[in-house]
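Heads up, entry19.txt below (compact mmCIF, C-alpha atoms):
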# COMPACT_ATOMS: atom_id res chain seq x y z
CA MET D 1 25.31 72.79 -15.12
CA GLN D 2 28.06 75.23 -14.34
CA VAL D 3 26.43 78.21 -12.72
CA ASN D 4 27.77 81.70 -12.54
CA ASN D 5 27.28 82.16 -8.82
CA ASP D 6 28.49 85.72 -8.94
CA ILE D 7 25.71 86.78 -11.29
CA LEU D 8 23.11 84.87 -9.35
CA GLN D 9 24.23 86.27 -6.02
CA ASN D 10 24.36 89.78 -7.37
CA ASN D 11 20.90 89.72 -8.81
CA LYS D 12 18.91 87.29 -6.74
CA GLY D 13 15.81 87.66 -4.71
CA ASN D 14 15.20 90.75 -2.64
CA GLY D 15 15.57 93.30 -5.41
CA THR D 16 18.14 95.49 -3.64
CA GLU D 17 20.60 95.10 -6.51
CA ILE D 18 17.86 95.71 -9.04
CA ASN D 19 16.99 98.93 -7.20
CA GLN D 20 20.62 100.01 -7.41
CA LEU D 21 20.71 99.09 -11.09
CA VAL D 22 17.53 101.06 -11.78
CA GLN D 23 19.09 104.08 -10.09
CA ARG D 24 22.22 103.68 -12.23
CA LEU D 25 20.10 103.35 -15.39
CA GLN D 26 18.13 106.47 -14.53
CA LYS D 27 21.40 108.32 -13.90
CA GLU D 28 22.72 107.06 -17.25
CA ASP D 29 19.56 108.26 -19.03
CA ASN D 30 19.89 111.65 -17.36
CA ARG D 31 23.61 111.85 -18.19
CA ASN D 32 22.92 111.11 -21.87
CA LEU D 33 20.21 113.73 -21.94
CA MET D 34 22.50 116.22 -20.20
CA THR D 35 25.34 115.53 -22.68
CA PHE D 36 22.94 116.20 -25.54
CA LYS D 37 21.63 119.35 -23.89
CA ARG D 38 25.18 120.54 -23.14
CA PHE D 39 26.20 120.18 -26.79
CA GLN D 40 22.99 121.81 -27.91
CA GLY D 41 23.70 124.60 -25.39
CA ILE D 42 27.17 125.14 -26.87
CA PHE D 43 25.73 125.50 -30.38
CA VAL D 44 22.94 127.78 -29.17
CA GLY D 45 25.53 129.82 -27.22
CA PHE D 46 27.72 130.24 -30.30
CA ILE D 47 24.69 131.20 -32.39
CA LEU D 48 23.56 133.81 -29.83
CA VAL D 49 27.03 135.29 -29.31
CA TYR D 50 27.82 135.48 -33.02
CA SER D 51 24.36 136.81 -33.83
CA PHE D 52 24.71 139.49 -31.20
CA ILE D 53 28.30 140.55 -31.98
CA PHE D 54 28.36 140.22 -35.75
CA ILE D 55 24.77 140.63 -36.90
CA PHE D 56 22.62 142.67 -34.52
CA ASN D 57 25.37 144.62 -32.74
CA PRO D 58 23.71 148.02 -32.10
CA TRP D 59 26.75 149.82 -30.60
CA THR D 60 29.36 149.45 -33.29
CA ASP D 61 28.93 150.63 -36.81
CA LEU D 62 29.52 147.24 -38.41
CA GLY D 63 29.96 147.12 -42.12
CA LEU D 64 27.77 144.90 -44.26
CA SER D 65 30.63 142.47 -44.85
CA TYR D 66 30.99 141.91 -41.06
CA ARG D 67 27.30 141.21 -40.78
CA ILE D 68 27.53 138.78 -43.72
CA THR D 69 30.41 137.03 -41.89
CA GLY D 70 28.18 136.75 -38.84
CA VAL D 71 25.35 135.28 -40.87
CA CYS D 72 27.75 132.70 -42.38
CA TYR D 73 29.06 131.60 -38.96
CA VAL D 74 25.57 131.49 -37.43
CA LEU D 75 24.22 129.42 -40.32
CA GLY D 76 27.24 127.11 -40.06
CA PHE D 77 26.71 126.56 -36.31
CA PHE D 78 22.96 126.15 -36.76
CA LEU D 79 23.40 123.46 -39.43
CA PHE D 80 26.06 121.67 -37.35
CA GLY D 81 23.64 121.72 -34.41
CA MET D 82 20.87 120.22 -36.57
CA ILE D 83 23.15 117.48 -37.92
CA PHE D 84 24.35 116.66 -34.39
CA ARG D 85 20.72 116.44 -33.23
CA LYS D 86 19.87 114.08 -36.10
CA TYR D 87 22.81 111.76 -35.35
CA TYR D 88 22.02 111.77 -31.62
CA ARG D 89 18.43 110.74 -32.34
CA GLU D 90 19.59 107.94 -34.65
CA TYR D 91 22.03 106.73 -32.00
CA LYS D 92 19.30 106.75 -29.36
CA ALA D 93 16.95 104.83 -31.65
CA ILE D 94 19.11 101.64 -31.74
CA ASN D 95 16.61 98.93 -30.92
CA TYR D 96 17.90 95.65 -29.52
CA SER D 97 14.45 94.07 -29.45
CA LEU D 98 14.32 93.60 -33.23
CA PRO D 99 14.68 90.14 -34.78
CA VAL D 100 18.37 89.22 -35.18
CA SER D 101 18.29 89.50 -39.01
CA GLU D 102 16.80 93.00 -38.87
CA MET D 103 19.25 94.04 -36.16
CA LEU D 104 22.15 92.83 -38.34
CA GLN D 105 20.82 94.70 -41.39
CA LYS D 106 20.57 97.90 -39.40
CA ALA D 107 24.05 97.39 -37.92
CA ALA D 108 25.52 96.83 -41.42
CA GLU D 109 23.80 100.03 -42.57
CA ARG D 110 24.84 102.01 -39.47
CA TYR D 111 28.52 101.04 -39.78
CA ARG D 112 28.72 101.77 -43.50
CA LEU D 113 31.06 104.57 -44.54
CA GLN D 114 28.20 106.94 -45.08
CA TYR D 115 29.17 109.29 -47.89
CA ARG D 116 25.55 109.84 -48.83
CA LYS D 117 24.49 110.75 -45.31
CA THR D 118 27.50 112.85 -44.37
CA TRP D 119 27.60 115.00 -47.48
CA VAL D 120 25.20 117.45 -45.76
CA VAL D 121 28.15 118.45 -43.53
CA ILE D 122 29.46 120.30 -46.61
CA PHE D 123 26.87 123.07 -46.12
CA PRO D 124 27.95 124.23 -42.64
CA LEU D 125 31.59 123.76 -43.66
CA LEU D 126 31.03 126.01 -46.68
CA PHE D 127 29.34 128.67 -44.54
CA ILE D 128 32.23 128.65 -42.07
CA ASP D 129 34.71 128.73 -44.97
CA ALA D 130 32.93 131.76 -46.41
CA GLY D 131 32.85 133.46 -42.98
CA MET D 132 36.59 132.88 -42.45
CA THR D 133 37.49 134.08 -45.94
CA ILE D 134 35.52 137.33 -45.51
CA THR D 135 37.05 137.89 -42.03
CA PHE D 136 40.61 137.50 -43.35
CA TYR D 137 39.81 139.65 -46.35
CA GLN D 138 38.70 142.47 -44.02
CA ARG D 139 41.79 142.16 -41.79
CA PHE D 140 44.45 141.98 -44.51
CA THR D 141 43.30 144.57 -46.98
CA ALA D 142 46.86 145.07 -48.29
CA TYR D 143 46.75 141.69 -50.04
CA ALA D 144 44.94 140.90 -53.26
CA PRO D 145 41.58 139.13 -52.70
CA TRP D 146 42.65 136.00 -54.58
CA LYS D 147 45.70 135.70 -52.29
CA ILE D 148 43.50 135.87 -49.18
CA ILE D 149 41.02 133.38 -50.59
CA GLY D 150 43.89 131.07 -51.61
CA LEU D 151 45.60 131.34 -48.21
CA VAL D 152 42.41 130.49 -46.28
CA GLN D 153 41.69 127.52 -48.55
CA LEU D 154 45.30 126.40 -48.26
CA VAL D 155 44.84 125.97 -44.51
CA TYR D 156 41.13 125.12 -44.36
CA ILE D 157 40.91 122.42 -47.05
CA PRO D 158 43.93 120.34 -45.88
CA THR D 159 42.56 120.57 -42.31
CA LEU D 160 39.21 119.20 -43.53
CA ILE D 161 40.92 116.48 -45.55
CA LEU D 162 43.01 115.52 -42.52
CA GLY D 163 39.86 115.38 -40.38
CA PHE D 164 38.14 113.26 -43.02
CA LEU D 165 41.10 110.86 -43.23
CA ILE D 166 41.21 110.50 -39.44
CA GLY D 167 37.46 109.75 -39.54
CA VAL D 168 37.97 107.11 -42.26
CA LEU D 169 40.83 105.56 -40.26
CA ILE D 170 38.67 105.36 -37.14
CA TRP D 171 35.87 103.82 -39.22
CA TYR D 172 38.28 101.31 -40.77
CA LYS D 173 39.66 100.24 -37.39
CA ARG D 174 36.48 100.26 -35.30
CA GLN D 175 33.37 100.09 -37.44
CA LYS D 176 34.35 98.25 -40.64
CA PRO D 177 35.10 94.98 -38.78
CA LEU D 178 31.65 95.22 -37.14
CA ARG D 179 29.99 95.87 -40.50
CA ASP D 180 31.91 92.96 -42.10
CA ALA D 181 30.86 90.67 -39.25
CA ALA D 182 27.21 91.75 -39.58
CA ILE D 183 27.24 91.17 -43.36
CA LYS D 184 28.86 87.74 -42.93
CA LEU D 185 26.18 86.74 -40.42
CA LEU D 186 23.45 87.97 -42.74
CA ASP D 187 24.93 85.85 -45.53
CA GLU D 188 24.97 82.84 -43.21
CA LEU D 189 21.36 83.50 -42.26
CA ASN D 190 20.20 83.78 -45.86
CA ASN D 191 22.00 80.67 -47.12
CA MET E 1 9.68 111.73 -18.27
CA LYS E 2 7.15 112.34 -15.49
CA LYS E 3 7.76 110.86 -12.04
CA SER E 4 4.68 108.59 -12.25
CA GLN E 5 5.77 107.29 -15.68
CA MET E 6 9.27 106.65 -14.34
CA LEU E 7 7.80 104.74 -11.41
CA LEU E 8 5.69 102.61 -13.75
CA LYS E 9 8.72 101.92 -15.95
CA GLU E 10 10.71 100.93 -12.88
CA GLN E 11 8.01 98.51 -11.70
CA LYS E 12 7.63 96.97 -15.15
CA PHE E 13 11.40 96.60 -15.47
CA LYS E 14 11.73 94.86 -12.12
CA GLN E 15 8.87 92.53 -12.97
CA VAL E 16 10.34 91.62 -16.37
CA ILE E 17 13.78 90.95 -14.87
CA GLU E 18 12.33 88.93 -12.01
CA GLN E 19 10.42 86.70 -14.42
CA ASN E 20 13.22 86.27 -16.97
CA ARG E 21 16.44 86.36 -14.94
CA GLU E 22 17.37 82.70 -15.43
CA ARG E 23 16.52 82.80 -19.12
CA ILE E 24 18.85 85.78 -19.66
CA GLN E 25 21.61 84.23 -17.58
CA ARG E 26 21.47 80.98 -19.52
CA ILE E 27 21.87 82.77 -22.87
CA CYS E 28 24.71 84.90 -21.48
CA ARG E 29 26.40 81.70 -20.33
CA TYR E 30 26.20 80.12 -23.81
CA TYR E 31 28.02 83.03 -25.40
CA ALA E 32 30.67 83.80 -22.80
CA PRO E 33 32.89 81.15 -21.24
CA ARG E 34 34.40 83.57 -18.72
CA ASP E 35 32.43 84.64 -15.63
CA GLU E 36 33.49 88.25 -16.04
CA ASP E 37 32.18 88.38 -19.61
CA GLN E 38 28.92 86.71 -18.55
CA LYS E 39 28.47 89.39 -15.93
CA ASP E 40 29.23 92.17 -18.41
CA ILE E 41 26.82 90.80 -21.03
CA TYR E 42 24.14 90.34 -18.37
CA GLN E 43 24.49 93.97 -17.28
CA GLU E 44 24.42 95.10 -20.91
CA VAL E 45 21.25 93.07 -21.53
CA LEU E 46 19.56 94.70 -18.52
CA ILE E 47 20.54 98.14 -19.83
CA ASN E 48 19.10 97.33 -23.27
CA ILE E 49 15.89 95.96 -21.72
CA TRP E 50 15.59 99.21 -19.79
CA LYS E 51 16.13 101.26 -22.95
CA SER E 52 13.67 99.20 -25.01
CA LEU E 53 10.99 98.79 -22.35
CA GLU E 54 8.85 101.64 -23.64
CA SER E 55 8.88 100.24 -27.17
CA PHE E 56 7.45 96.86 -26.10
CA ARG E 57 3.93 96.81 -27.50
CA GLY E 58 3.12 93.16 -26.81
CA ASP E 59 3.18 92.19 -30.52
CA SER E 60 5.34 89.21 -29.59
CA ALA E 61 5.56 87.18 -26.40
CA ILE E 62 7.64 88.78 -23.67
CA SER E 63 9.96 85.72 -23.74
CA THR E 64 10.59 86.24 -27.50
CA TRP E 65 11.30 89.92 -26.84
CA ILE E 66 13.73 89.03 -24.04
CA TYR E 67 15.49 86.43 -26.19
CA ARG E 68 15.88 88.94 -29.03
CA ILE E 69 17.45 91.54 -26.75
CA THR E 70 19.71 88.98 -25.07
CA VAL E 71 20.89 87.40 -28.34
CA ASN E 72 21.37 90.77 -30.08
CA THR E 73 23.27 92.15 -27.09
CA SER E 74 25.46 89.05 -26.85
CA LEU E 75 26.31 89.22 -30.55
CA SER E 76 27.02 92.96 -30.33
CA PHE E 77 29.13 92.43 -27.21
CA THR E 78 31.30 89.90 -29.01
CA GLY E 79 31.81 92.51 -31.78
CA LYS E 80 34.98 92.03 -33.81
CA GLU E 81 35.62 88.63 -32.19
CA LEU E 82 32.29 87.32 -33.49
CA GLN E 83 33.79 84.72 -35.82
CA ARG E 84 35.73 83.25 -32.89
CA LEU E 85 32.61 83.01 -30.73
CA ARG E 86 32.61 79.82 -28.64
CA LEU E 87 29.42 78.15 -27.53
CA ASN E 88 29.73 77.44 -23.84
CA VAL E 89 27.69 74.29 -23.14
CA SER E 90 27.69 71.98 -20.17
CA SER E 91 27.69 68.18 -20.12
CA ASP E 92 24.88 68.34 -17.54
CA ASP E 93 22.57 70.10 -19.95
CA VAL E 94 19.77 67.63 -20.64
CA SER E 95 18.76 69.41 -23.85
CA LEU E 96 22.20 68.79 -25.30
CA ARG E 97 21.41 65.11 -25.92
CA ASN E 98 18.29 66.06 -27.86
CA ILE E 99 20.34 68.00 -30.39
CA LEU E 100 21.23 64.71 -32.06
CA ASP E 101 17.86 63.07 -31.40
CA ARG E 102 19.48 60.18 -29.55
CA GLU E 103 17.60 60.07 -26.30
CA SER E 104 17.10 56.29 -26.40
CA ASP E 105 20.71 55.13 -26.43
CA GLU E 106 22.03 57.23 -23.57
CA PRO E 107 25.66 56.24 -22.97
CA VAL E 108 27.15 55.48 -19.57
CA ALA E 109 28.50 58.42 -17.61
CA GLN E 110 32.19 57.99 -18.48
CA GLU E 111 31.52 57.50 -22.18
CA ARG E 112 29.07 60.43 -22.13
CA GLU E 113 31.78 62.73 -20.81
CA PHE E 114 34.03 61.56 -23.61
CA ARG E 115 31.28 62.06 -26.17
CA PHE E 116 30.49 65.46 -24.66
CA GLY E 117 34.04 66.60 -25.41
CA GLU E 118 33.59 65.53 -29.03
CA LEU E 119 30.19 67.16 -29.25
CA GLU E 120 31.51 70.40 -27.76
CA SER E 121 34.36 70.39 -30.27
CA ALA E 122 31.93 69.72 -33.17
CA LEU E 123 29.56 72.44 -31.95
CA ASN E 124 32.33 74.98 -31.92
CA GLN E 125 33.23 74.24 -35.51
CA LEU E 126 29.77 75.40 -36.58
CA SER E 127 29.15 78.87 -38.00
CA VAL E 128 28.07 81.69 -35.67
CA ILE E 129 24.45 81.52 -36.88
CA ASP E 130 24.38 77.75 -36.37
CA LYS E 131 25.72 78.24 -32.84
CA LEU E 132 23.00 80.82 -32.29
CA LEU E 133 20.33 78.37 -33.46
CA ILE E 134 21.77 75.64 -31.22
CA SER E 135 21.63 77.96 -28.21
CA LEU E 136 17.93 78.58 -28.91
CA MET E 137 17.34 74.85 -29.40
CA LEU E 138 18.92 74.25 -26.00
CA GLU E 139 16.25 76.57 -24.63
CA LYS E 140 13.69 74.06 -25.99
CA LEU E 141 12.08 76.69 -28.19
CA SER E 142 9.84 75.69 -31.07
CA SER E 143 10.78 76.42 -34.71
CA ARG E 144 8.10 79.14 -34.70
CA GLU E 145 9.65 80.86 -31.67
CA ILE E 146 13.18 80.57 -33.09
CA ALA E 147 11.92 82.05 -36.39
CA ASP E 148 10.41 85.00 -34.48
CA ILE E 149 13.64 85.64 -32.62
CA VAL E 150 16.01 85.27 -35.56
CA GLY E 151 13.75 86.87 -38.17
CA ILE E 152 13.70 84.11 -40.78
CA THR E 153 10.82 81.88 -41.85
CA GLU E 154 9.82 78.80 -39.88
CA PRO E 155 10.58 76.37 -42.76
CA ASN E 156 14.00 78.01 -43.10
CA VAL E 157 14.64 77.41 -39.39
CA ARG E 158 13.68 73.72 -39.80
CA VAL E 159 15.97 73.32 -42.81
CA LYS E 160 18.86 74.95 -40.98
CA ILE E 161 18.36 72.83 -37.87
CA HIS E 162 18.21 69.68 -40.00
CA ARG E 163 21.48 70.69 -41.69
CA ILE E 164 23.13 71.42 -38.33
CA LYS E 165 22.16 67.99 -37.02
CA GLU E 166 23.55 66.35 -40.15
CA THR E 167 26.80 68.29 -39.86
CA LEU E 168 27.17 67.41 -36.19
CA ARG E 169 26.50 63.71 -36.80
CA ASN E 170 29.02 63.62 -39.63
CA GLN E 171 31.63 65.38 -37.55
CA LEU E 172 31.05 63.12 -34.57
CA ASN E 173 31.31 60.05 -36.80
CA ARG E 174 34.56 61.37 -38.23
CA LEU E 175 35.91 62.11 -34.75
CA GLY E 176 34.75 58.66 -33.57
CA HIS E 177 36.55 56.93 -36.44
CA ALA E 178 39.66 59.00 -35.85
CA GLY E 179 39.64 57.95 -32.18
CA GLU E 180 39.35 54.21 -32.94

Just give me the structure of the file as structure tokens.
Amino acid sequence: MQVNNDILQNNKGNGTEINQLVQRLQKEDNRNLMTFKRFQGIFVGFILVYSFIFIFNPWTDLGLSYRITGVCYVLGFFLFGMIFRKYYREYKAINYSLPVSEMLQKAAERYRLQYRKTWVVIFPLLFIDAGMTITFYQRFTAYAPWKIIGLVQLVYIPTLILGFLIGVLIWYKRQKPLRDAAIKLLDELNN
Amino acid sequence: MKKSQMLLKEQKFKQVIEQNRERIQRICRYYAPRDEDQKDIYQEVLINIWKSLESFRGDSAISTWIYRITVNTSLSFTGKELQRLRLNVSSDDVSLRNILDRESDEPVAQEREFRFGELESALNQLSVIDKLLISLMLEKLSSREIADIVGITEPNVRVKIHRIKETLRNQLNRLGHAGE
């Protein structure tokens, strides 16, 4: 039988390579955890800074509308942080030790264009939209409120749509083929 | 994770790899013709074993658990190219002859090489799932074990294997007639 000598030599016997691999795996685990903590830190940082400047600020006589803006931004960041945490946990929970059929089902589900799961993103987006609208309204008092609201939406909504379309394009290129392959294999398994 | 837990995990990991290295390497070889890819899949399998180690509760045999991780990782590694997956078998593989249940009329070496080429070609015309089942058959696993790994019922495994054998025989007959 044709033997992959490279693999055998790299992993044979004395365990030195395994020790190196274990160290790399531990580093990888730590790096993943650090990435998660870093992102969480960014969200917590934003929440603290915005809470301090726009909500609890004791030095400046902030109007109620400023404080409402602060609350909107903080809620937006908080919800984004929670959603990120949920997705990170789901990503970490991918289990390769499941039976092949179950693994394929989960892959097909994971790579689905998840309208139902991602709709929750609307809530933080709405809070940030509200925060931005109030901020602009306070800065440009010379303009009619409907003009300010319209202007913010004119920039914000196309930006969101563009982001959504880029997301769909990435899904179509990267994840849809994987989902199609998983579904085809499931069909083969069940027939 | 505490240092003592990490140490235990490390020991368990080393033990599992030590006991199952050849098994993992064989499966990696079936799914990747190129050495580089075999190496990459092997590394990926080790990473997934490491990640899943804490979830192993002993509900199934450790070999079944290892096969699941190796097969799932190999399929995931192939990704978009899955439908073009080639089964990398060797003419020296004694289990290969058993696929067609023809142990008694073993051909002479030169003819066997020729037949191996035909068999390899017929194997690679099978569907991905059939190739997967063949790879597990080459590991001399029972229908029960294959069912546990793939996640379908044992009778279903038997039916599928019977169909694969029929398909292979038909294809080989066709190829044989075409060669005459």

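Of the residues under consideration (D:Leu186, D:Leu126, D:Leu169, D:Leu64), D:Leu186 shows the shortest atom-to-atom contact distance to chain E when counting only C-alpha atoms.
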
### Message
Taking all atoms listed in the file into account, name the residue in E:Glu139, E:Glu120, E:Asp130, E:Glu10 that is nearest to Arg163 (chain E).
### Response
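Using all atoms listed in the file, Arg163 (chain E) sits closest to E:Asp130.
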
### Query
So how many Å separate CA of Ala181 (chain D) and CA of Lys131 (chain E), to one decimal?
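For CA of Ala181 (chain D) relative to CA of Lys131 (chain E), the distance reads 14.9 Å.
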
### Message
Measuring between only C-alpha atoms, which one of E:Gly58, E:Gln43, E:Arg68, E:Glu22 shows the shortest distance to chain D?
### Response
E:Arg68

### Task
Considering only C-alpha atoms, return as a PyMOL selection string whatever protein or nucleic-acid residues lie within 12 Å of Leu141 (chain E), sequence-local ones (same chain, fewer than 2 positions apart) excluded.
chain E and resi 23+63-64+67+95+133-139+143-150+157

### Pick from E:Ser142, E:Asn124, E:Gln25, E:Thr153 nearest to Gln171 (chain E), counting all atoms listed in the file
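Closest candidate: E:Asn124.
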
### Task
Give as a PyMOL selection string every residue of chain E that touches chain D within 9 Å, counting all atoms listed in the file.
chain E and resi 6+10+13-14+17-18+21-22+25-26+29+35+38-39+42-43+46-52+55-56+64-73+76+79-83+89-93+127-130+147-152+156+160

### Task
Identify which of the residues E:Lys9, E:Asn20, E:Asp40, E:Arg86 lies closest to Leu53 (chain E), counting all atoms listed in the file when measuring atom-to-atom distances.
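Smallest separation from Leu53 (chain E) among the options: E:Lys9.
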
### Message
Need to verify the contact set: Lys147 (chain D), 12 Å, all atoms listed in the file, exclusion of same-chain residues closer than 5 positions in sequence. Can you return it as a list of chain:residue names?
### Response
D:Thr133, D:Phe136, D:Tyr137, D:Phe140, D:Thr141, D:Ala142, D:Val152, D:Gln153, D:Leu154

Let me see the file: selected residues, C-alpha atoms, as a PDB file, keeping the file's coordinate frame.
ATOM      1  CA  THR D 133      37.490 134.080 -45.940  1.00  0.00           C
ATOM      2  CA  PHE D 136      40.610 137.500 -43.350  1.00  0.00           C
ATOM      3  CA  TYR D 137      39.810 139.650 -46.350  1.00  0.00           C
ATOM      4  CA  PHE D 140      44.450 141.980 -44.510  1.00  0.00           C
ATOM      5  CA  THR D 141      43.300 144.570 -46.980  1.00  0.00           C
ATOM      6  CA  ALA D 142      46.860 145.070 -48.290  1.00  0.00           C
ATOM      7  CA  VAL D 152      42.410 130.490 -46.280  1.00  0.00           C
ATOM      8  CA  GLN D 153      41.690 127.520 -48.550  1.00  0.00           C
ATOM      9  CA  LEU D 154      45.300 126.400 -48.260  1.00  0.00           C
TER      10      LEU D 154
END

### Task
Could you check how far CA of Ile68 (chain D) sits from CA of Thr159 (chain D), in Å to one decimal?
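So the answer is 23.7 Å.
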
Please return as a PDB file with C-alpha atoms, in the coordinates of the input every residue within 10 Å of (26.2, 139.5, -35.3), taking into account all atoms listed in the file and the file's own coordinates.
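Okay, this is what ended up in part-v7.pdb:
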ATOM      1  CA  ILE D  47      24.690 131.200 -32.390  1.00  0.00           C
ATOM      2  CA  LEU D  48      23.560 133.810 -29.830  1.00  0.00           C
ATOM      3  CA  VAL D  49      27.030 135.290 -29.310  1.00  0.00           C
ATOM      4  CA  TYR D  50      27.820 135.480 -33.020  1.00  0.00           C
ATOM      5  CA  SER D  51      24.360 136.810 -33.830  1.00  0.00           C
ATOM      6  CA  PHE D  52      24.710 139.490 -31.200  1.00  0.00           C
ATOM      7  CA  ILE D  53      28.300 140.550 -31.980  1.00  0.00           C
ATOM      8  CA  PHE D  54      28.360 140.220 -35.750  1.00  0.00           C
ATOM      9  CA  ILE D  55      24.770 140.630 -36.900  1.00  0.00           C
ATOM     10  CA  PHE D  56      22.620 142.670 -34.520  1.00  0.00           C
ATOM     11  CA  ASN D  57      25.370 144.620 -32.740  1.00  0.00           C
ATOM     12  CA  PRO D  58      23.710 148.020 -32.100  1.00  0.00           C
ATOM     13  CA  LEU D  62      29.520 147.240 -38.410  1.00  0.00           C
ATOM     14  CA  TYR D  66      30.990 141.910 -41.060  1.00  0.00           C
ATOM     15  CA  ARG D  67      27.300 141.210 -40.780  1.00  0.00           C
ATOM     16  CA  ILE D  68      27.530 138.780 -43.720  1.00  0.00           C
ATOM     17  CA  THR D  69      30.410 137.030 -41.890  1.00  0.00           C
ATOM     18  CA  GLY D  70      28.180 136.750 -38.840  1.00  0.00           C
ATOM     19  CA  VAL D  71      25.350 135.280 -40.870  1.00  0.00           C
ATOM     20  CA  CYS D  72      27.750 132.700 -42.380  1.00  0.00           C
ATOM     21  CA  TYR D  73      29.060 131.600 -38.960  1.00  0.00           C
ATOM     22  CA  VAL D  74      25.570 131.490 -37.430  1.00  0.00           C
TER      23      VAL D  74
END
